[in-house]
Amino acid sequence: MYLLYSFRLALQSLWREKWINLLSVLTIAAGLFMITLTFFVVYNIDLATKRLPARFSVMLYLNDGLPEQETGSIIAQMKKNNAVEQARYIAKDKALEELKGVLKNADYILEGIDENPLPASIEIKLKKESVNIASVKKFVAEIKEIKGIADVEYGEQFLNSINSIKGMAKAGSLSLIIIMSAGVIFVCYSTIKIAFYRRKEEIETFKLLGATRGFIRAPFVIEGSVLGMFGGIASMAAAFAFHYVLFYKVTAAIPILTILVFPLETFPALPVAGLLLGIGGAVIALGRIRFS
Amino acid sequence: MIHFSNVTKFYERQAAIKNITFSIEKGEMVFMTGPSGAGESTLLKIIYLSEKPDEGSVTIAEWDLSKLKESSIPFLRRNIGVVFQDSRLLDNRNVFDNVAIALRIRGMLDSEIQEWVMEILKMVNLRHKAGSFPRALSGGEQQRVVIARAIVGEPTILLADEPTGNLDPDTAAGIARLFKEINARGTTIVIATHNRELYRNTGRRVFRIDGGNMVGEEIG
């Protein structure tokens, strides 16, 4: 019932200290924009690493002269494996042909070699969810036990690199997002704390007249949420400008940047994030209200 | 309505009131008097829960204050109107808003508030000053606003701490008449005062307090 009155009080207070509040809004906007940029970078790193499993494969080199029946059995075994997406047999001749294709003008390297030195192999593509160090190592250990397989090769270093890039990006961004969110909360906290102290006398009178905690807190929580939300709207405008410049201006000059993706869901999320952080800051600033 | 039983309150190890016991019945109007710092204000503060007693027990309208949850304090306070010694009027709000705040706290609708506040302002003869700010009012007018704010929520108890402190005798007499009128409606009133004129020939009980002790009770 008193919410309307609380809104009125909050708006009056916001207007009375408009310049300080504007500064708070801009600071919140800067913080949220930094969070947006961090999220944008991590999102693109994540997207890039998600595309990589398609290029990842495990090569099974077969013993020379392995009978066709045993080769077929190994292939069938691979196809049955839950981690395997696809298993492609590469015969000795096909392997040589592919090598020649790769070498192109440098095929003189193969001159003088009469006998095909390449072994027959099976190229295994793993399912997306299995392309991680633990699963791949487990899979490789399993297939090494299979009779008829001479050697197994996979990009261990490649996998490790992807893993550490992903891990570092996630940890770094998470830390930055936490720090920036704490910063935004702190700005709201300080602004509300100052407003609360400015109106301390009035609040004491309200308490003595029978105001509940809700009645006392409501205008400040509204103030915090308005500051946070306007900060979010301002950061949304900045993010929109960034999006426009990057995707309509910069990509015209540097076309490779078109591979970048800006998640559009970020735009409406910013005012909501600002609002929630603003409420958080206000609630912390008000603490426990005592009556005696 | 109000029962004090062996109540003691210390401020920095010094007793502001000592072992006070009294009872005030519903609908009574009583006075508390004594030299400055005798402890009357502390007694009132205990009644409106601004202070907690260190010893003894206090019961207000069936509410045992020692068992009262902190979250229930606002709801008890709504039953107690207070005329504060320092008025506690909000300088940035006009007379209407100063009085209306007591109703807004209770969650009343704007339309009801408008009607109620104007009615009360009429009773304290300040209807024409509804739009004025406290600083523009005389001492007597300010005091009447404080009384209006204290009674607008129709409390069962009205406490007044030095209600005629800085007022001339005529204005003080006007305030005294107002209290009588409020009491006649059934409100229990406790007035702490140094002003003898306020309780002389009223036929009401007067508690004498000195050095934090209840030293006597007489009829005014």
# chains A, B, ... in the order shown; residues from 1 in each chain; ligands from 1
call {"tool": "residues_around", "arguments": {"residues": "Val140 of chain A", "least_positions_apart": "4", "cutoff": "9 Å", "atoms": "only C-alpha atoms", "output": "mmCIF file with all heavy atoms, in the first residue's frame"}}
result
data_model
loop_
_atom_site.group_PDB
_atom_site.id
_atom_site.type_symbol
_atom_site.label_atom_id
_atom_site.label_comp_id
_atom_site.auth_asym_id
_atom_site.auth_seq_id
_atom_site.Cartn_x
_atom_site.Cartn_y
_atom_site.Cartn_z
ATOM 1 N N VAL A 58 41.811 -39.006 -33.695
ATOM 2 C CA VAL A 58 42.773 -39.967 -33.137
ATOM 3 C C VAL A 58 43.134 -40.939 -34.270
ATOM 4 O O VAL A 58 42.245 -41.466 -34.941
ATOM 5 C CB VAL A 58 42.138 -40.747 -31.967
ATOM 6 C CG1 VAL A 58 43.123 -41.772 -31.403
ATOM 7 C CG2 VAL A 58 41.682 -39.793 -30.867
ATOM 8 N N SER A 135 38.782 -37.877 -21.214
ATOM 9 C CA SER A 135 38.080 -38.872 -22.050
ATOM 10 C C SER A 135 38.998 -39.430 -23.132
ATOM 11 O O SER A 135 38.974 -40.636 -23.406
ATOM 12 C CB SER A 135 36.862 -38.241 -22.710
ATOM 13 O OG SER A 135 36.017 -37.726 -21.745
ATOM 14 N N VAL A 136 39.770 -38.529 -23.742
ATOM 15 C CA VAL A 136 40.643 -38.983 -24.837
ATOM 16 C C VAL A 136 41.685 -39.958 -24.287
ATOM 17 O O VAL A 136 41.944 -41.014 -24.883
ATOM 18 C CB VAL A 136 41.306 -37.770 -25.534
ATOM 19 C CG1 VAL A 136 42.376 -38.238 -26.520
ATOM 20 C CG2 VAL A 136 40.266 -36.940 -26.263
ATOM 21 N N LYS A 144 44.555 -49.094 -27.121
ATOM 22 C CA LYS A 144 45.941 -49.585 -27.230
ATOM 23 C C LYS A 144 46.022 -51.075 -26.879
ATOM 24 O O LYS A 144 46.940 -51.765 -27.286
ATOM 25 C CB LYS A 144 46.843 -48.774 -26.300
ATOM 26 C CG LYS A 144 47.495 -47.576 -26.988
ATOM 27 C CD LYS A 144 48.502 -46.890 -26.091
ATOM 28 C CE LYS A 144 49.220 -45.805 -26.875
ATOM 29 N NZ LYS A 144 49.993 -44.961 -25.965
ATOM 30 N N GLU A 145 45.054 -51.530 -26.136
ATOM 31 C CA GLU A 145 45.016 -52.937 -25.718
ATOM 32 C C GLU A 145 44.535 -53.855 -26.843
ATOM 33 O O GLU A 145 44.706 -55.067 -26.773
ATOM 34 C CB GLU A 145 44.046 -53.099 -24.519
ATOM 35 C CG GLU A 145 44.414 -52.289 -23.287
ATOM 36 C CD GLU A 145 45.749 -52.716 -22.704
ATOM 37 O OE1 GLU A 145 45.984 -53.931 -22.624
ATOM 38 O OE2 GLU A 145 46.550 -51.819 -22.360
ATOM 39 N N VAL A 152 49.065 -45.547 -31.604
ATOM 40 C CA VAL A 152 47.955 -44.587 -31.589
ATOM 41 C C VAL A 152 48.544 -43.190 -31.457
ATOM 42 O O VAL A 152 49.438 -42.957 -30.635
ATOM 43 C CB VAL A 152 47.013 -44.857 -30.387
ATOM 44 C CG1 VAL A 152 45.871 -43.843 -30.367
ATOM 45 C CG2 VAL A 152 46.469 -46.268 -30.432
ATOM 46 N N GLU A 153 48.027 -42.293 -32.268
ATOM 47 C CA GLU A 153 48.539 -40.905 -32.200
ATOM 48 C C GLU A 153 47.372 -39.939 -32.048
ATOM 49 O O GLU A 153 46.332 -40.129 -32.687
ATOM 50 C CB GLU A 153 49.279 -40.569 -33.500
ATOM 51 C CG GLU A 153 50.773 -40.590 -33.337
ATOM 52 C CD GLU A 153 51.485 -40.176 -34.624
ATOM 53 O OE1 GLU A 153 50.873 -39.459 -35.452
ATOM 54 O OE2 GLU A 153 52.645 -40.565 -34.793
ATOM 55 N N TYR A 154 47.532 -38.949 -31.235
ATOM 56 C CA TYR A 154 46.498 -37.890 -31.164
ATOM 57 C C TYR A 154 47.189 -36.603 -30.716
ATOM 58 O O TYR A 154 48.269 -36.627 -30.134
ATOM 59 C CB TYR A 154 45.376 -38.287 -30.195
ATOM 60 C CG TYR A 154 45.784 -38.369 -28.730
ATOM 61 C CD1 TYR A 154 45.545 -37.302 -27.862
ATOM 62 C CD2 TYR A 154 46.408 -39.502 -28.229
ATOM 63 C CE1 TYR A 154 45.922 -37.382 -26.529
ATOM 64 C CE2 TYR A 154 46.782 -39.590 -26.915
ATOM 65 C CZ TYR A 154 46.536 -38.523 -26.055
ATOM 66 O OH TYR A 154 46.911 -38.591 -24.752
#
call {"tool": "select_by_dssp", "arguments": {"residues": "segment 15-203 of chain B", "states": "alpha helix (DSSP H)", "output": "PyMOL selection string"}}
result
chain B and resi 40-47+73-77+95-104+110-123+139-151+169-184+196-199
call {"tool": "write_last_selection", "arguments": {"atoms": "C-alpha atoms", "output": "PDB file, in the first residue's frame"}}
result
ATOM      1  CA  GLU B  40      10.193  11.420  33.507  1.00  0.00           C
ATOM      2  CA  SER B  41      11.446  11.432  29.921  1.00  0.00           C
ATOM      3  CA  THR B  42      13.138   8.059  30.481  1.00  0.00           C
ATOM      4  CA  LEU B  43       9.821   6.654  31.708  1.00  0.00           C
ATOM      5  CA  LEU B  44       8.084   7.857  28.567  1.00  0.00           C
ATOM      6  CA  LYS B  45      10.883   6.482  26.384  1.00  0.00           C
ATOM      7  CA  ILE B  46      10.425   3.066  27.989  1.00  0.00           C
ATOM      8  CA  ILE B  47       6.700   3.227  27.253  1.00  0.00           C
ATOM      9  CA  ILE B  73       7.680  -2.857  17.991  1.00  0.00           C
ATOM     10  CA  PRO B  74       6.305  -0.793  15.068  1.00  0.00           C
ATOM     11  CA  PHE B  75       2.841  -2.259  15.579  1.00  0.00           C
ATOM     12  CA  LEU B  76       2.845  -1.419  19.296  1.00  0.00           C
ATOM     13  CA  ARG B  77       4.107   2.083  18.514  1.00  0.00           C
ATOM     14  CA  VAL B  95       1.972  20.660   7.977  1.00  0.00           C
ATOM     15  CA  PHE B  96      -0.304  18.327   6.022  1.00  0.00           C
ATOM     16  CA  ASP B  97       2.532  15.944   5.130  1.00  0.00           C
ATOM     17  CA  ASN B  98       3.936  16.025   8.662  1.00  0.00           C
ATOM     18  CA  VAL B  99       0.617  14.813  10.010  1.00  0.00           C
ATOM     19  CA  ALA B 100      -0.108  12.495   7.071  1.00  0.00           C
ATOM     20  CA  ILE B 101       3.123  10.557   7.538  1.00  0.00           C
ATOM     21  CA  ALA B 102       1.661   8.807  10.593  1.00  0.00           C
ATOM     22  CA  LEU B 103      -1.118   7.454   8.347  1.00  0.00           C
ATOM     23  CA  ARG B 104       1.120   6.638   5.375  1.00  0.00           C
ATOM     24  CA  ASP B 110      -4.287   8.839  -0.172  1.00  0.00           C
ATOM     25  CA  SER B 111      -7.995   9.625  -0.349  1.00  0.00           C
ATOM     26  CA  GLU B 112      -8.546   8.501   3.254  1.00  0.00           C
ATOM     27  CA  ILE B 113      -5.430  10.329   4.403  1.00  0.00           C
ATOM     28  CA  GLN B 114      -6.667  13.597   2.867  1.00  0.00           C
ATOM     29  CA  GLU B 115      -9.954  13.381   4.735  1.00  0.00           C
ATOM     30  CA  TRP B 116      -8.490  12.265   8.060  1.00  0.00           C
ATOM     31  CA  VAL B 117      -5.663  14.776   8.194  1.00  0.00           C
ATOM     32  CA  MET B 118      -7.931  17.733   7.380  1.00  0.00           C
ATOM     33  CA  GLU B 119     -10.315  16.572  10.094  1.00  0.00           C
ATOM     34  CA  ILE B 120      -7.531  16.454  12.694  1.00  0.00           C
ATOM     35  CA  LEU B 121      -6.080  19.786  11.560  1.00  0.00           C
ATOM     36  CA  LYS B 122      -9.535  21.254  12.039  1.00  0.00           C
ATOM     37  CA  MET B 123      -9.601  19.869  15.567  1.00  0.00           C
ATOM     38  CA  GLY B 139       5.848  27.562  18.832  1.00  0.00           C
ATOM     39  CA  GLY B 140       2.222  26.928  19.787  1.00  0.00           C
ATOM     40  CA  GLU B 141       1.249  26.091  16.218  1.00  0.00           C
ATOM     41  CA  GLN B 142       4.186  23.706  15.903  1.00  0.00           C
ATOM     42  CA  GLN B 143       3.142  21.992  19.102  1.00  0.00           C
ATOM     43  CA  ARG B 144      -0.406  21.599  17.802  1.00  0.00           C
ATOM     44  CA  VAL B 145       0.977  19.996  14.619  1.00  0.00           C
ATOM     45  CA  VAL B 146       2.926  17.541  16.775  1.00  0.00           C
ATOM     46  CA  ILE B 147      -0.238  16.751  18.734  1.00  0.00           C
ATOM     47  CA  ALA B 148      -2.194  16.340  15.498  1.00  0.00           C
ATOM     48  CA  ARG B 149       0.441  13.910  14.204  1.00  0.00           C
ATOM     49  CA  ALA B 150       0.353  11.997  17.503  1.00  0.00           C
ATOM     50  CA  ILE B 151      -3.429  11.532  17.519  1.00  0.00           C
ATOM     51  CA  PRO B 169       0.651  30.778  29.350  1.00  0.00           C
ATOM     52  CA  ASP B 170      -2.302  31.393  26.985  1.00  0.00           C
ATOM     53  CA  THR B 171      -0.981  29.015  24.346  1.00  0.00           C
ATOM     54  CA  ALA B 172      -0.134  26.468  27.060  1.00  0.00           C
ATOM     55  CA  ALA B 173      -3.715  26.693  28.335  1.00  0.00           C
ATOM     56  CA  GLY B 174      -4.967  26.045  24.806  1.00  0.00           C
ATOM     57  CA  ILE B 175      -2.765  22.928  24.573  1.00  0.00           C
ATOM     58  CA  ALA B 176      -4.052  21.755  27.971  1.00  0.00           C
ATOM     59  CA  ARG B 177      -7.646  22.113  26.724  1.00  0.00           C
ATOM     60  CA  LEU B 178      -6.728  20.052  23.669  1.00  0.00           C
ATOM     61  CA  PHE B 179      -5.374  17.228  25.825  1.00  0.00           C
ATOM     62  CA  LYS B 180      -8.575  17.258  27.896  1.00  0.00           C
ATOM     63  CA  GLU B 181     -10.609  16.981  24.710  1.00  0.00           C
ATOM     64  CA  ILE B 182      -8.504  14.056  23.460  1.00  0.00           C
ATOM     65  CA  ASN B 183      -8.773  12.347  26.850  1.00  0.00           C
ATOM     66  CA  ALA B 184     -12.521  12.801  26.807  1.00  0.00           C
ATOM     67  CA  ARG B 196       2.303  23.204  37.368  1.00  0.00           C
ATOM     68  CA  GLU B 197      -0.507  25.108  35.651  1.00  0.00           C
ATOM     69  CA  LEU B 198      -0.999  22.144  33.393  1.00  0.00           C
ATOM     70  CA  TYR B 199      -2.090  19.792  36.214  1.00  0.00           C
TER      71      TYR B 199
END
call {"tool": "residues_around", "arguments": {"residues": "Val82 of chain B", "least_positions_apart": "5", "cutoff": "7 Å", "atoms": "only C-alpha atoms", "output": "list in words"}}
result
Ala150, Leu158, Leu159 and Ala160 of chain B
call {"tool": "write_last_selection", "arguments": {"atoms": "all heavy atoms", "output": "PDB file, in the first residue's frame"}}
result
ATOM      1  N   ALA B 150       0.396  13.058  16.489  1.00  0.00           N
ATOM      2  CA  ALA B 150       0.353  11.997  17.503  1.00  0.00           C
ATOM      3  C   ALA B 150      -1.024  11.341  17.592  1.00  0.00           C
ATOM      4  O   ALA B 150      -1.116  10.162  17.899  1.00  0.00           O
ATOM      5  CB  ALA B 150       0.763  12.562  18.859  1.00  0.00           C
ATOM      6  N   LEU B 158      -1.586   8.289  24.588  1.00  0.00           N
ATOM      7  CA  LEU B 158      -0.888   9.479  24.101  1.00  0.00           C
ATOM      8  C   LEU B 158       0.132   9.894  25.162  1.00  0.00           C
ATOM      9  O   LEU B 158      -0.219  10.062  26.338  1.00  0.00           O
ATOM     10  CB  LEU B 158      -1.883  10.623  23.844  1.00  0.00           C
ATOM     11  CG  LEU B 158      -1.276  11.948  23.394  1.00  0.00           C
ATOM     12  CD1 LEU B 158      -0.607  11.823  22.029  1.00  0.00           C
ATOM     13  CD2 LEU B 158      -2.342  13.056  23.306  1.00  0.00           C
ATOM     14  N   LEU B 159       1.393  10.010  24.726  1.00  0.00           N
ATOM     15  CA  LEU B 159       2.453  10.441  25.643  1.00  0.00           C
ATOM     16  C   LEU B 159       2.893  11.833  25.231  1.00  0.00           C
ATOM     17  O   LEU B 159       3.036  12.109  24.036  1.00  0.00           O
ATOM     18  CB  LEU B 159       3.658   9.500  25.560  1.00  0.00           C
ATOM     19  CG  LEU B 159       3.383   7.998  25.709  1.00  0.00           C
ATOM     20  CD1 LEU B 159       4.677   7.216  25.505  1.00  0.00           C
ATOM     21  CD2 LEU B 159       2.799   7.707  27.093  1.00  0.00           C
ATOM     22  N   ALA B 160       3.106  12.712  26.202  1.00  0.00           N
ATOM     23  CA  ALA B 160       3.557  14.065  25.860  1.00  0.00           C
ATOM     24  C   ALA B 160       4.703  14.448  26.792  1.00  0.00           C
ATOM     25  O   ALA B 160       4.568  14.400  28.009  1.00  0.00           O
ATOM     26  CB  ALA B 160       2.409  15.054  25.989  1.00  0.00           C
TER      27      ALA B 160
END
call {"tool": "select_by_dssp", "arguments": {"residues": "segment 13-207 of chain B", "states": "strand (DSSP E)", "output": "NGL selection string"}}
result
:B and (14-24 or 29-33 or 55-60 or 63-64 or 80-83 or 157-161 or 188-192 or 205-207)
call {"tool": "residues_around", "arguments": {"residues": "Phe31 of chain B", "least_positions_apart": "2", "cutoff": "7 Å", "atoms": "only C-alpha atoms", "output": "VMD selection string"}}
result
chain B and resid 29 33 190 to 192 199 205 to 207
call {"tool": "interface_residues", "arguments": {"of": "chain A", "to": "chain B", "cutoff": "8 Å", "atoms": "only C-alpha atoms", "output": "list in words"}}
result
Met1, Tyr2, Tyr5, Glu202, Thr205, Phe206, Lys207, Leu208, Leu209, Gly210, Ala211, Thr212, Phe215, Arg290, Phe291 and Ser292 of chain A
call {"tool": "residues_around", "arguments": {"residues": "Arg51 of chain A", "least_positions_apart": "2", "cutoff": "12 Å", "atoms": "only C-alpha atoms", "output": "list in words"}}
result
Asn44, Ile45, Asp46, Leu47, Ala48, Thr49, Pro53, Ala54, Arg55, Phe56, Lys128, Glu129, Val131, Ile162 and Ile259 of chain A
call {"tool": "write_last_selection", "arguments": {"atoms": "all heavy atoms", "output": "tab-separated table (two decimals), in the first residue's frame"}}
result
chain	number	residue	atom	x	y	z
A	44	ASN	N	33.51	-15.41	-27.27
A	44	ASN	CA	34.14	-15.73	-28.56
A	44	ASN	C	35.23	-16.78	-28.41
A	44	ASN	O	35.38	-17.63	-29.29
A	44	ASN	CB	34.66	-14.46	-29.22
A	44	ASN	CG	33.54	-13.73	-29.93
A	44	ASN	OD1	33.13	-14.12	-31.01
A	44	ASN	ND2	32.98	-12.72	-29.28
A	45	ILE	N	35.97	-16.74	-27.30
A	45	ILE	CA	36.99	-17.78	-27.06
A	45	ILE	C	36.28	-19.13	-26.92
A	45	ILE	O	36.69	-20.13	-27.50
A	45	ILE	CB	37.82	-17.46	-25.79
A	45	ILE	CG1	38.74	-16.27	-26.07
A	45	ILE	CG2	38.65	-18.68	-25.35
A	45	ILE	CD1	39.52	-15.80	-24.86
A	46	ASP	N	35.20	-19.13	-26.18
A	46	ASP	CA	34.45	-20.36	-25.94
A	46	ASP	C	33.90	-20.92	-27.25
A	46	ASP	O	33.98	-22.11	-27.51
A	46	ASP	CB	33.30	-20.04	-24.96
A	46	ASP	CG	32.78	-21.31	-24.31
A	46	ASP	OD1	33.62	-22.10	-23.86
A	46	ASP	OD2	31.55	-21.50	-24.27
A	47	LEU	N	33.40	-20.00	-28.06
A	47	LEU	CA	32.83	-20.40	-29.35
A	47	LEU	C	33.91	-21.01	-30.24
A	47	LEU	O	33.69	-22.05	-30.89
A	47	LEU	CB	32.25	-19.14	-30.02
A	47	LEU	CG	31.03	-19.33	-30.87
A	47	LEU	CD1	29.89	-19.85	-30.02
A	47	LEU	CD2	30.64	-18.02	-31.53
A	48	ALA	N	35.09	-20.37	-30.23
A	48	ALA	CA	36.20	-20.86	-31.06
A	48	ALA	C	36.63	-22.25	-30.58
A	48	ALA	O	36.86	-23.14	-31.41
A	48	ALA	CB	37.37	-19.89	-30.97
A	49	THR	N	36.72	-22.44	-29.28
A	49	THR	CA	37.16	-23.76	-28.78
A	49	THR	C	36.10	-24.82	-29.00
A	49	THR	O	36.42	-25.98	-29.15
A	49	THR	CB	37.53	-23.70	-27.28
A	49	THR	OG1	36.42	-23.17	-26.57
A	49	THR	CG2	38.76	-22.86	-27.02
A	53	PRO	N	36.71	-29.27	-31.75
A	53	PRO	CA	36.58	-30.72	-31.71
A	53	PRO	C	36.35	-31.36	-33.08
A	53	PRO	O	36.77	-32.48	-33.33
A	53	PRO	CB	35.36	-30.94	-30.81
A	53	PRO	CG	35.40	-29.79	-29.90
A	53	PRO	CD	35.89	-28.64	-30.72
A	54	ALA	N	35.73	-30.63	-33.98
A	54	ALA	CA	35.46	-31.17	-35.31
A	54	ALA	C	36.78	-31.47	-36.04
A	54	ALA	O	36.83	-32.33	-36.93
A	54	ALA	CB	34.63	-30.18	-36.10
A	55	ARG	N	37.83	-30.74	-35.69
A	55	ARG	CA	39.11	-30.95	-36.38
A	55	ARG	C	39.98	-31.98	-35.65
A	55	ARG	O	41.05	-32.34	-36.14
A	55	ARG	CB	39.88	-29.62	-36.43
A	55	ARG	CG	39.21	-28.58	-37.28
A	55	ARG	CD	40.03	-27.32	-37.25
A	55	ARG	NE	39.56	-26.39	-38.26
A	55	ARG	CZ	40.30	-25.42	-38.73
A	55	ARG	NH1	41.52	-25.26	-38.28
A	55	ARG	NH2	39.83	-24.61	-39.63
A	56	PHE	N	39.54	-32.36	-34.48
A	56	PHE	CA	40.36	-33.26	-33.68
A	56	PHE	C	40.11	-34.71	-34.09
A	56	PHE	O	38.97	-35.13	-34.26
A	56	PHE	CB	40.01	-33.07	-32.19
A	56	PHE	CG	40.79	-33.97	-31.28
A	56	PHE	CD1	42.10	-33.65	-30.92
A	56	PHE	CD2	40.24	-35.14	-30.80
A	56	PHE	CE1	42.82	-34.49	-30.08
A	56	PHE	CE2	40.96	-35.99	-29.97
A	56	PHE	CZ	42.25	-35.66	-29.61
A	128	LYS	N	31.68	-34.69	-29.71
A	128	LYS	CA	32.03	-33.38	-29.13
A	128	LYS	C	32.35	-33.48	-27.63
A	128	LYS	O	33.36	-32.99	-27.14
A	128	LYS	CB	30.85	-32.43	-29.30
A	128	LYS	CG	31.17	-31.23	-30.17
A	128	LYS	CD	29.97	-30.32	-30.19
A	128	LYS	CE	30.11	-29.31	-31.30
A	128	LYS	NZ	28.93	-28.47	-31.40
A	129	GLU	N	31.45	-34.15	-26.91
A	129	GLU	CA	31.59	-34.19	-25.45
A	129	GLU	C	32.77	-35.04	-25.00
A	129	GLU	O	33.19	-34.97	-23.85
A	129	GLU	CB	30.28	-34.66	-24.79
A	129	GLU	CG	29.80	-36.03	-25.17
A	129	GLU	CD	28.92	-36.05	-26.43
A	129	GLU	OE1	28.96	-35.07	-27.20
A	129	GLU	OE2	28.21	-37.04	-26.64
A	131	VAL	N	35.74	-34.89	-26.50
A	131	VAL	CA	37.02	-34.24	-26.83
A	131	VAL	C	37.49	-33.43	-25.62
A	131	VAL	O	37.35	-32.21	-25.56
A	131	VAL	CB	36.89	-33.35	-28.09
A	131	VAL	CG1	38.24	-32.77	-28.47
A	131	VAL	CG2	36.35	-34.17	-29.24
A	162	ILE	N	44.24	-26.14	-25.87
A	162	ILE	CA	42.84	-25.68	-25.89
A	162	ILE	C	42.32	-25.61	-24.46
A	162	ILE	O	41.70	-24.64	-24.04
A	162	ILE	CB	41.94	-26.65	-26.70
A	162	ILE	CG1	42.34	-26.62	-28.15
A	162	ILE	CG2	40.48	-26.25	-26.56
A	162	ILE	CD1	41.59	-27.65	-28.96
A	259	ILE	N	34.14	-13.11	-38.04
A	259	ILE	CA	33.96	-14.39	-37.31
A	259	ILE	C	33.53	-14.15	-35.86
A	259	ILE	O	33.04	-15.06	-35.20
A	259	ILE	CB	35.25	-15.27	-37.32
A	259	ILE	CG1	36.42	-14.53	-36.65
A	259	ILE	CG2	35.60	-15.74	-38.70
A	259	ILE	CD1	37.51	-15.47	-36.18
call {"tool": "residues_around", "arguments": {"residues": "Lys94 of chain A", "least_positions_apart": "3", "cutoff": "12 Å", "atoms": "only C-alpha atoms", "output": "ChimeraX atom specification"}}
result
/A:88-91,97-101,116,118-122
call {"tool": "residues_around", "arguments": {"residues": "segment 13-16 of chain B", "least_positions_apart": "3", "cutoff": "8 Å", "atoms": "only C-alpha atoms", "output": "PDB file with N, CA and C atoms, in the first residue's frame"}}
result
ATOM      1  N   THR B   8      13.973  -0.385  36.575  1.00  0.00           N
ATOM      2  CA  THR B   8      15.211   0.396  36.737  1.00  0.00           C
ATOM      3  C   THR B   8      15.867   0.512  35.367  1.00  0.00           C
ATOM      4  N   LYS B   9      16.441   1.684  35.117  1.00  0.00           N
ATOM      5  CA  LYS B   9      17.153   1.896  33.848  1.00  0.00           C
ATOM      6  C   LYS B   9      18.469   2.620  34.149  1.00  0.00           C
ATOM      7  N   PHE B  10      19.544   2.029  33.633  1.00  0.00           N
ATOM      8  CA  PHE B  10      20.870   2.623  33.846  1.00  0.00           C
ATOM      9  C   PHE B  10      21.356   3.299  32.569  1.00  0.00           C
ATOM     10  N   ALA B  38      14.967  14.370  36.234  1.00  0.00           N
ATOM     11  CA  ALA B  38      14.464  13.500  37.306  1.00  0.00           C
ATOM     12  C   ALA B  38      14.169  12.085  36.805  1.00  0.00           C
ATOM     13  N   GLY B  39      13.907  11.965  35.492  1.00  0.00           N
ATOM     14  CA  GLY B  39      13.662  10.625  34.934  1.00  0.00           C
ATOM     15  C   GLY B  39      12.324  10.474  34.234  1.00  0.00           C
ATOM     16  N   THR B  42      12.712   9.457  30.604  1.00  0.00           N
ATOM     17  CA  THR B  42      13.138   8.059  30.481  1.00  0.00           C
ATOM     18  C   THR B  42      11.931   7.131  30.611  1.00  0.00           C
ATOM     19  N   GLY B 211      15.319  12.349  41.188  1.00  0.00           N
ATOM     20  CA  GLY B 211      16.533  11.514  41.179  1.00  0.00           C
ATOM     21  C   GLY B 211      16.263  10.100  40.723  1.00  0.00           C
ATOM     22  N   GLY B 212      15.286   9.941  39.855  1.00  0.00           N
ATOM     23  CA  GLY B 212      14.988   8.614  39.314  1.00  0.00           C
ATOM     24  C   GLY B 212      14.067   7.794  40.198  1.00  0.00           C
TER      25      GLY B 212
END
call {"tool": "atom_distance", "arguments": {"atom1": "atom CA of Phe39 of chain A", "atom2": "atom CA of Leu126 of chain A"}}
result
28.9 Å
call {"tool": "atom_distance", "arguments": {"atom1": "atom CA of Leu276 of chain A", "atom2": "atom CA of Val184 of chain A"}}
result
10.4 Å
call {"tool": "atom_distance", "arguments": {"atom1": "atom CA of Gly278 of chain A", "atom2": "atom CA of Val25 of chain A"}}
result
10.1 Å
call {"tool": "decode", "arguments": {"residues": "segment 271-277 of chain A", "atoms": "N, CA, C and O atoms", "output": "PDB file, in the first residue's frame"}}
result
ATOM      1  N   PRO A 271      20.206  -3.850 -18.296  1.00  0.00           N
ATOM      2  CA  PRO A 271      19.388  -3.136 -17.301  1.00  0.00           C
ATOM      3  C   PRO A 271      18.945  -4.048 -16.157  1.00  0.00           C
ATOM      4  O   PRO A 271      18.887  -3.619 -15.009  1.00  0.00           O
ATOM      5  N   VAL A 272      18.684  -5.322 -16.481  1.00  0.00           N
ATOM      6  CA  VAL A 272      18.257  -6.264 -15.438  1.00  0.00           C
ATOM      7  C   VAL A 272      19.408  -6.500 -14.457  1.00  0.00           C
ATOM      8  O   VAL A 272      19.226  -6.469 -13.230  1.00  0.00           O
ATOM      9  N   ALA A 273      20.622  -6.695 -15.011  1.00  0.00           N
ATOM     10  CA  ALA A 273      21.796  -6.907 -14.147  1.00  0.00           C
ATOM     11  C   ALA A 273      22.020  -5.669 -13.271  1.00  0.00           C
ATOM     12  O   ALA A 273      22.275  -5.776 -12.068  1.00  0.00           O
ATOM     13  N   GLY A 274      21.901  -4.481 -13.895  1.00  0.00           N
ATOM     14  CA  GLY A 274      22.076  -3.226 -13.145  1.00  0.00           C
ATOM     15  C   GLY A 274      21.066  -3.123 -12.014  1.00  0.00           C
ATOM     16  O   GLY A 274      21.406  -2.788 -10.875  1.00  0.00           O
ATOM     17  N   LEU A 275      19.827  -3.462 -12.338  1.00  0.00           N
ATOM     18  CA  LEU A 275      18.746  -3.409 -11.337  1.00  0.00           C
ATOM     19  C   LEU A 275      19.052  -4.340 -10.162  1.00  0.00           C
ATOM     20  O   LEU A 275      18.973  -3.930  -8.998  1.00  0.00           O
ATOM     21  N   LEU A 276      19.468  -5.573 -10.466  1.00  0.00           N
ATOM     22  CA  LEU A 276      19.735  -6.548  -9.400  1.00  0.00           C
ATOM     23  C   LEU A 276      20.941  -6.117  -8.554  1.00  0.00           C
ATOM     24  O   LEU A 276      20.900  -6.205  -7.320  1.00  0.00           O
ATOM     25  N   LEU A 277      21.991  -5.631  -9.226  1.00  0.00           N
ATOM     26  CA  LEU A 277      23.173  -5.193  -8.475  1.00  0.00           C
ATOM     27  C   LEU A 277      22.826  -3.966  -7.626  1.00  0.00           C
ATOM     28  O   LEU A 277      23.312  -3.819  -6.500  1.00  0.00           O
TER      29      LEU A 277
END
